[in-house]
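Let me begin by presenting the structure, written as structure tokens, before commenting on it.
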Amino acid sequence: MRILVLSDIHSNLDALEGCLEAAGPHEVVVNLGDIVGYGACPNEVIERSRSLGEYFVRGNHDKAAGGLMDLRDFNPMAGLAALWTREQLTPENLEWLRALPQGPIQIPGASDVQFVHGSPIDEDEYVVTIHDALEPLAVHSVPITFFGHTHLQGAFSFNTTVGDTYRPPYRTVAKSETAEFPLRKGVHYLINPGSVGQPRDGDWRAAFATFDTESRIVTFRRTPYNLKNSQDRILAANLPQRLATRLAAGR
Ligand SMILES: [Fe+2]
């Protein structure tokens, strides 16, 4: 089974379409949350995401836009975008967003894999460094965890005593690229597909990943998308200009 893992789309329809064009064959789609927030196409992204499959976990921006979280925990720009998103959502999409499950979730046919937004211990925790990753890697019985939230593509691994960090070694800045990361038996992994709609690792290309449960290979992917269109939509919606400019910098 080939699983397409999408995370942190953040209402960026152009980036989502770019990923789907570049994704190649897959049987299942899992969405790690932050479907909305920051970008200008919340309804379109929700509807497109729902058309892809049924496996979702909620992100903090989904909770914020759905009114399930105190916006005082957000920076002003994120809070403003959450309020704007809530006003835009159709009643059906708002209800759907509010009903999204908290991770971890698992899917049929992949008993050694789980999916979360932040970490398996806390859905809102940021796993940025190997230090952050060690506790969830060590305590959890499910060996492979896909997570999002940080918008940083890569993987952490833990093999009884040794922790390691992997970042995909891309060679270009504007082409579609892949990086294969084979998983080893007996090793625990925390794997971040990166952010579809608002990457923060200095690479503007939309980020996502696929996992083949038979070959045990994670393929990290980056793909260019119609960035200008996405920026124009943000500006036309009167969202903060910085939300458009940061997309070009991947920050
Ligand atoms: Fe996010």
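Chain labels A, B, ... are given in the sequence in which chains occur in the structure tokens; within each chain residues are numbered consecutively from 1, and ligands are likewise numbered from 1 in the order shown.
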
Which residues of chain A sit at most 6 Å from ligand 1, using only C-alpha atoms and all ligand atoms? Give each one's shortest atom pair and distance in Å (one decimal place), in chain and ascending residue order, as a tab-separated table.
residue	atom	partner	partner_atom_place_in_ligand_line	distance
A:Asp8	CA	ligand 1	1 (Fe)	4.6
A:Asp34	CA	ligand 1	1 (Fe)	5.0
A:His149	CA	ligand 1	1 (Fe)	4.6

Please write the residues from the selection above to a file, keeping all heavy atoms, as a PDB file, in the first residue's frame.
ATOM      1  N   ASP A   8      -0.376  20.355   6.946  1.00  0.00           N
ATOM      2  CA  ASP A   8      -0.235  21.821   6.962  1.00  0.00           C
ATOM      3  C   ASP A   8      -0.464  22.449   5.579  1.00  0.00           C
ATOM      4  O   ASP A   8       0.381  23.188   5.078  1.00  0.00           O
ATOM      5  CB  ASP A   8       1.139  22.184   7.553  1.00  0.00           C
ATOM      6  CG  ASP A   8       1.260  21.734   9.005  1.00  0.00           C
ATOM      7  OD1 ASP A   8       0.818  22.484   9.895  1.00  0.00           O
ATOM      8  OD2 ASP A   8       1.747  20.604   9.260  1.00  0.00           O
ATOM      9  N   ASP A  34      -4.042  21.087  10.191  1.00  0.00           N
ATOM     10  CA  ASP A  34      -3.815  22.458   9.714  1.00  0.00           C
ATOM     11  C   ASP A  34      -4.196  22.551   8.234  1.00  0.00           C
ATOM     12  O   ASP A  34      -3.435  23.008   7.387  1.00  0.00           O
ATOM     13  CB  ASP A  34      -2.388  22.951   9.988  1.00  0.00           C
ATOM     14  CG  ASP A  34      -2.224  23.483  11.405  1.00  0.00           C
ATOM     15  OD1 ASP A  34      -3.193  23.401  12.204  1.00  0.00           O
ATOM     16  OD2 ASP A  34      -1.139  23.998  11.722  1.00  0.00           O
ATOM     17  N   HIS A 149       2.961  20.034  11.909  1.00  0.00           N
ATOM     18  CA  HIS A 149       2.964  21.129  12.878  1.00  0.00           C
ATOM     19  C   HIS A 149       4.164  22.069  12.774  1.00  0.00           C
ATOM     20  O   HIS A 149       4.014  23.276  12.875  1.00  0.00           O
ATOM     21  CB  HIS A 149       2.861  20.553  14.298  1.00  0.00           C
ATOM     22  CG  HIS A 149       2.427  21.512  15.359  1.00  0.00           C
ATOM     23  ND1 HIS A 149       1.537  22.549  15.156  1.00  0.00           N
ATOM     24  CD2 HIS A 149       2.762  21.573  16.690  1.00  0.00           C
ATOM     25  CE1 HIS A 149       1.352  23.194  16.309  1.00  0.00           C
ATOM     26  NE2 HIS A 149       2.077  22.630  17.236  1.00  0.00           N
TER      27      HIS A 149
END

Please run DSSP on the backbone and report, as a PyMOL selection string, all residues within region 88-131 of chain A that come out as helix (DSSP H, G or I).
-> chain A and resi 88+91-98+130-131

Hey, can you check how far CA of His61 (chain A) sits from CA of Ala138 (chain A)?
-> 27.8 Å

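For the pair CA of Pro104 (chain A) and CA of Val142 (chain A), the separation is 10.3 Å.
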
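Inside region 96-142 of chain A, the residues DSSP reads as strand (DSSP E or B) when given the backbone are Ile105, Val113, Gln114 and Phe115 of chain A.
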
Given the selection you just returned, output its residues as a file containing N, CA, C and O atoms, formatted as a CSV table (one decimal), in the first residue's frame.
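In the end it all went to part_38.csv:
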chain,number,residue,atom,x,y,z
A,105,ILE,N,-4.1,8.7,15.1
A,105,ILE,CA,-5.0,7.8,14.4
A,105,ILE,C,-4.2,6.7,13.7
A,105,ILE,O,-3.0,6.9,13.4
A,113,VAL,N,2.1,1.9,12.0
A,113,VAL,CA,2.2,3.3,11.7
A,113,VAL,C,1.1,4.1,12.4
A,113,VAL,O,-0.1,3.6,12.4
A,114,GLN,N,1.4,5.3,12.9
A,114,GLN,CA,0.4,6.2,13.4
A,114,GLN,C,0.6,7.6,12.9
A,114,GLN,O,1.7,7.9,12.4
A,115,PHE,N,-0.5,8.4,13.0
A,115,PHE,CA,-0.5,9.7,12.4
A,115,PHE,C,-1.0,10.7,13.5
A,115,PHE,O,-2.0,10.5,14.1

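Nearest to His117 (chain A) of all the residues A:Val187, A:Leu89, A:Met69, A:Leu6 is A:Leu6, based on only C-alpha atoms.
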
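The coordinates place CA of Glu180 (chain A) at 18.9 Å from CA of Val28 (chain A).
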
Cut-off 12 Å: closest region 83-164 of chain A/region 214-232 of chain A atom pairs per residue, using only C-alpha atoms, as a Markdown table:
| residue | atom | partner | partner_atom | distance |
| --- | --- | --- | --- | --- |
| A:Gly109 | CA | A:Glu214 | CA | 10.7 |
| A:Ala110 | CA | A:Glu214 | CA | 10.0 |
| A:Asp112 | CA | A:Arg216 | CA | 11.2 |
| A:Val113 | CA | A:Arg216 | CA | 11.1 |
| A:Ile144 | CA | A:Arg216 | CA | 10.5 |
| A:Thr145 | CA | A:Val218 | CA | 11.8 |
| A:Phe146 | CA | A:Val218 | CA | 10.5 |
| A:Leu152 | CA | A:Phe220 | CA | 11.6 |
| A:Gln153 | CA | A:Phe220 | CA | 7.8 |
| A:Gly154 | CA | A:Phe220 | CA | 7.8 |
| A:Ala155 | CA | A:Val218 | CA | 9.8 |
